[in-house]
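Worksheet: one structure, shown below.
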Amino acid sequence: MTEPAPEEASSARTTTGTDSDEASDTGSSVTGARVAATADVADRTGGRPAHEGILRRQSARESAARTYARALPIVPVRARGLTIEGADGRRYLDCLSGAGTLALGHNHPVVLEAIRKVLDSGAPLHVLDLATPVKDAFITELFRTLPPGLADHARVQFCGPAGTDAVEAALKLVRAATGRTGVLAFTGAYHGMTAGSLEASGGAFDVRVARLPYPQDYRCPFGVGGEHGAELAARWTESLLDDPKSGVRQPAGMILEPVQGEGGVIPAPDGWMRRMRQITAERSIPLIADEVQTGVGRTGAFWAVEHSGVVPDVMVLSKAIGGSLPLAVVVYRDALDVWQPGAHAGTFRGNQLAMAAGTATLAYVRENRLAERAASLGARMMGQLRLLAEDFPCMGDVRGRGLMIGVEMVDPEGEGRPGVNGAPQVAARGDWAGGEPGGSADGDHARDVPPRPTPRSAPAPAPHPAAPALAAAVRRECLRRGLIVELGGRHASVVRLLPPLTITDEQAVAVLDRLADAMAAVSRGHLRGADRRVPDQPNRRAQPEPRPGSEPRPGSPSRSESEPRCESRSRPGSEPRCESEPHPGSEPRPESETRPEREAQSEPPPEREPQSPTQQHGQHQHQHQSGPSLPSGPDRPQGGHAEWAG
């Protein structure tokens, strides 16, 4: 990925949110301070905007290993809930949430209060692994949320404050307990960036790990998908373990993600999860569930393993359990507790502020039933995205669980290869896919756009090739519209949404609006330079006759033959969305023209289904929210902001 120049970063954000002058019209009490601070820094950087100088210095001084900063050239200075405000005064809806860390969004009042309480008490902030009241409260709340079959016989190990160290600890633990060394892991997995975690991840080479197929519908490794694909994956696992000539010795453990996040937002079928638990239990193989990103309500259950009823032997936890601060633990059955003192340690495993923030977060999610809220809102958001995908064939698949959502971008003109790219969601489904006939791998049994099953014997067309260039273009267009998303998947072709669990219905509508506009903008961009395929390209299909009004403008630049294109396919009664003329709502309006922000209501709005972006395109021009107003200070009452509705 190329580092954007500050000038390019600035131009890429010219349509985002509001500038300082527009913000002053809203009567925000923080505008004066923000303008003064910006002017002060600008004076010290030769009159250039503050954020450009900061971005230049970051590029000059920080490691080339930085990632998010390359794709998101913004300088956050304030944040609240779903909203981030940059140093340039523009605001963004954050659907990255610290890669899933911020279950309650930015600076939630209960988190800030918990941190202040520790700071004001005079309690030590660094205690190694000594017992403290703060730690005792955290463990008590954590055990209260664990699956019952594990909580009654659990031990907890505090690790270095990163999920990858907790994965390392889990692998060391099962190796010590079993006396074996090998590990079973899955294709597409991501477990961290340290050596042992990388070994268990999907991109590893020359490792002590046996790689197993992870079931999925859209790109099934067996080319069938659905129930049958999950069954084949389970049988392959059994065969590998039971065949004395498989080359795989009895392993120390199996590690899996209930939903693969970095792998492309792929939920494991519930029936397959139960089968993995059965296979490992019958062979005395400890099962490790990596819940670093899926935990604390993200997928619609407090822990993602609860969807299937599976109780693992080991759970790896991080991200949201620290309430936005660094914290990582391993929870495991007491029978595995064979470690000697000091077998796994870490200087910062006693982070008192993170434990206090984590206790507040765990309790708030549990008491306010935010997991159930994530399940219902996430299902509705995916339903609306599936409707949107009917208009845009480049949206190859919409999948996820709860508020862990992915949209895989594809080249709709490219030819898939059966057996390589897999099969789309058309295979018969049953207990493997979610426990109910007609269920899906994402647990959404009442889908807005239910798949049409086909007989297992019917040949299923392979999905189109992944389109990472289109995904990157969607991310850029989202950022221009004030929406932060990230990419994942095998080819970085999956647009990922990880909003905080406190997102309101109205904010969800705003997110979908902006994503729909970004899709339309990317489609227009490709159509504007479209040209018919030349006949000597055997891997491309000839272009159909253009529809009236869809011809490119005279003199428009021709598109590279290797560049994928996303055309819209408008449904009856909907407005065409990929014409060469700009869509009336494709550019954000000034804040004075946007819909009134409702985040300041004292009572949360009643839960309602967000209106489909495709319906909105056919009914009115898009009006862009600039994001919820930022409170004037961190002491805002907890119930006084709609972001905390759950």
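By convention in this document, the chains of the structure tokens carry letters A, B, ... by their order, each chain's residues are numbered from 1, and ligands are numbered from 1 in the order they are shown.
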
- Could you name the residues that touch stretch 245-250 of chain A at 12 Å or less, counting only C-alpha atoms, but leaving out those on the same chain fewer than 3 positions away, as a PyMOL selection string? chain A and resi 175+178-184+208-212+236-242+253-254+280+283-286

- Determine which residues of stretch 93-246 of chain A DSSP labels as strand (DSSP E) from the backbone of this structure, then write them out as a PyMOL selection string. chain A and resi 93-94+154-158+183-186+209-212

Residues as selected, C-alpha atoms, written as a JSON list (two decimals), in the first residue's frame, can you do that?
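Below is the file part29.json, written as the result:
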```
[["chain", "number", "residue", "atom", "x", "y", "z"],
["A", 93, "LEU", "CA", -18.24, 7.84, 11.82],
["A", 94, "ASP", "CA", -15.82, 5.21, 13.08],
["A", 154, "ALA", "CA", -11.70, -21.91, 35.32],
["A", 155, "ARG", "CA", -8.31, -20.39, 35.90],
["A", 156, "VAL", "CA", -7.18, -17.07, 34.44],
["A", 157, "GLN", "CA", -3.67, -16.11, 33.34],
["A", 158, "PHE", "CA", -2.87, -12.42, 32.85],
["A", 183, "VAL", "CA", -1.10, -27.65, 16.76],
["A", 184, "LEU", "CA", -4.16, -27.83, 14.52],
["A", 185, "ALA", "CA", -5.11, -24.50, 12.94],
["A", 186, "PHE", "CA", -7.22, -23.37, 10.00],
["A", 209, "VAL", "CA", 1.05, -26.56, 12.56],
["A", 210, "ALA", "CA", -1.28, -28.81, 10.55],
["A", 211, "ARG", "CA", -3.56, -26.63, 8.44],
["A", 212, "LEU", "CA", -7.22, -27.62, 8.20]]
```

- Query: Hey, what's within 8 Å of A:Ala466 if we count only C-alpha atoms and toss same-chain stuff fewer than 4 positions away? As a ChimeraX atom specification, please?
  - Reply: /A:408-411,491,493

Write the residues you've just listed into a file as a JSON list (two decimals), in the first residue's frame, and include all heavy atoms for each of them.
```
[["chain", "number", "residue", "atom", "x", "y", "z"],
["A", 408, "GLU", "N", -17.73, -8.61, 0.61],
["A", 408, "GLU", "CA", -16.64, -9.00, -0.29],
["A", 408, "GLU", "C", -16.86, -8.38, -1.66],
["A", 408, "GLU", "O", -17.89, -8.60, -2.30],
["A", 408, "GLU", "CB", -16.52, -10.51, -0.40],
["A", 408, "GLU", "CG", -15.37, -10.93, -1.32],
["A", 408, "GLU", "CD", -14.98, -12.38, -1.19],
["A", 408, "GLU", "OE1", -15.41, -13.03, -0.21],
["A", 408, "GLU", "OE2", -14.24, -12.87, -2.06],
["A", 409, "MET", "N", -15.87, -7.62, -2.12],
["A", 409, "MET", "CA", -15.92, -6.99, -3.43],
["A", 409, "MET", "C", -15.31, -7.92, -4.48],
["A", 409, "MET", "O", -14.26, -8.53, -4.25],
["A", 409, "MET", "CB", -15.16, -5.67, -3.40],
["A", 409, "MET", "CG", -15.63, -4.68, -2.34],
["A", 409, "MET", "SD", -17.37, -4.23, -2.51],
["A", 409, "MET", "CE", -17.31, -3.33, -4.06],
["A", 410, "VAL", "N", -15.99, -8.02, -5.60],
["A", 410, "VAL", "CA", -15.56, -8.94, -6.66],
["A", 410, "VAL", "C", -15.57, -8.21, -8.00],
["A", 410, "VAL", "O", -16.18, -7.16, -8.16],
["A", 410, "VAL", "CB", -16.47, -10.18, -6.73],
["A", 410, "VAL", "CG1", -16.45, -10.95, -5.43],
["A", 410, "VAL", "CG2", -17.90, -9.80, -7.11],
["A", 411, "ASP", "N", -14.87, -8.80, -8.95],
["A", 411, "ASP", "CA", -14.91, -8.34, -10.34],
["A", 411, "ASP", "C", -16.06, -9.05, -11.03],
["A", 411, "ASP", "O", -15.95, -10.24, -11.34],
["A", 411, "ASP", "CB", -13.58, -8.65, -11.02],
["A", 411, "ASP", "CG", -13.57, -8.24, -12.49],
["A", 411, "ASP", "OD1", -14.58, -7.66, -12.95],
["A", 411, "ASP", "OD2", -12.57, -8.51, -13.18],
["A", 491, "HIS", "N", -7.55, -11.45, -0.01],
["A", 491, "HIS", "CA", -6.92, -10.53, -0.95],
["A", 491, "HIS", "C", -7.19, -9.07, -0.57],
["A", 491, "HIS", "O", -7.13, -8.20, -1.44],
["A", 491, "HIS", "CB", -7.42, -10.81, -2.36],
["A", 491, "HIS", "CG", -7.25, -12.23, -2.80],
["A", 491, "HIS", "ND1", -6.03, -12.75, -3.19],
["A", 491, "HIS", "CD2", -8.14, -13.25, -2.88],
["A", 491, "HIS", "CE1", -6.18, -14.03, -3.50],
["A", 491, "HIS", "NE2", -7.45, -14.36, -3.32],
["A", 493, "SER", "N", -9.98, -7.83, 0.00],
["A", 493, "SER", "CA", -11.11, -7.47, -0.85],
["A", 493, "SER", "C", -12.43, -7.39, -0.08],
["A", 493, "SER", "O", -13.48, -7.22, -0.69],
["A", 493, "SER", "CB", -11.26, -8.50, -1.98],
["A", 493, "SER", "OG", -11.50, -9.79, -1.45]]
```

What's the 7 Å shell around A:Val75, counting only C-alpha atoms, without same-chain residues fewer than 3 positions away, as a PDB file with N, CA and C atoms, in the first residue's frame?
```
ATOM      1  N   HIS A  51      -2.623  19.330  10.798  1.00  0.00           N
ATOM      2  CA  HIS A  51      -2.633  17.894  10.545  1.00  0.00           C
ATOM      3  C   HIS A  51      -1.655  17.502   9.446  1.00  0.00           C
ATOM      4  N   GLY A  86     -11.176  15.064  13.642  1.00  0.00           N
ATOM      5  CA  GLY A  86      -9.789  15.234  13.263  1.00  0.00           C
ATOM      6  C   GLY A  86      -9.263  16.609  13.602  1.00  0.00           C
ATOM      7  N   ALA A  87      -7.929  16.773  13.497  1.00  0.00           N
ATOM      8  CA  ALA A  87      -7.294  18.049  13.779  1.00  0.00           C
ATOM      9  C   ALA A  87      -7.735  19.127  12.804  1.00  0.00           C
TER      10      ALA A  87
END
```

- Query: So which one's closest to A:Pro258, A:Tyr68, A:Trp272, A:Phe392, A:Phe222? Using only C-alpha atoms, please.
  - Reply: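 Of A:Tyr68, A:Trp272, A:Phe392, A:Phe222, the one nearest A:Pro258 is A:Trp272, counting only C-alpha atoms.
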
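When only C-alpha atoms are used to compute distances to A:His126, the closest of the residues A:Arg333, A:Ala374, A:Ala289, A:Ala354 turns out to be A:Ala354.
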
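The nearest approach to A:Gly488 among the residues A:Ile266, A:Ala114, A:Leu171, A:Ala151, with only C-alpha atoms taken into account, belongs to A:Ile266.
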
- Query: Residues at most 12 Å from A:Ala467, counting only C-alpha atoms, excluding those fewer than 6 positions away in the same chain, as a PyMOL selection string?
  - Reply: chain A and resi 393-396+407-414+473-474+487-495+562-566

Could you give me, as a CSV table (one decimal) with C-alpha atoms, in the first residue's frame, the residues within 8 Å of A:Thr359, counting only C-alpha atoms and dropping anything in the same chain fewer than 5 positions from it?
```
chain,number,residue,atom,x,y,z
A,137,ALA,CA,-13.4,-7.0,40.7
A,138,PHE,CA,-12.3,-7.6,37.1
A,141,GLU,CA,-17.1,-9.8,36.5
A,142,LEU,CA,-15.2,-11.7,33.8
A,321,ILE,CA,-12.1,-6.8,27.7
A,322,GLY,CA,-9.8,-3.8,28.5
A,323,GLY,CA,-12.4,-1.2,27.9
```

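The closest residue to A:Ala462, picked from A:Ala301, A:Val224, A:Leu287, A:Val259 and counting only C-alpha atoms, is A:Val224.
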
- Message: Set the distance at 12 Å and use only C-alpha atoms: which residues neighbour A:Gly358 once local chain neighbours fewer than 2 positions away are removed? I'd like the list as JSON, numbers by chain.
- Response: {"A": [101, 102, 103, 104, 108, 110, 111, 112, 113, 114, 115, 134, 135, 137, 138, 139, 140, 141, 142, 296, 317, 318, 319, 320, 321, 322, 323, 324, 325, 326, 327, 328, 329, 351, 352, 353, 354, 355, 356, 360, 361, 362, 363, 364, 365]}
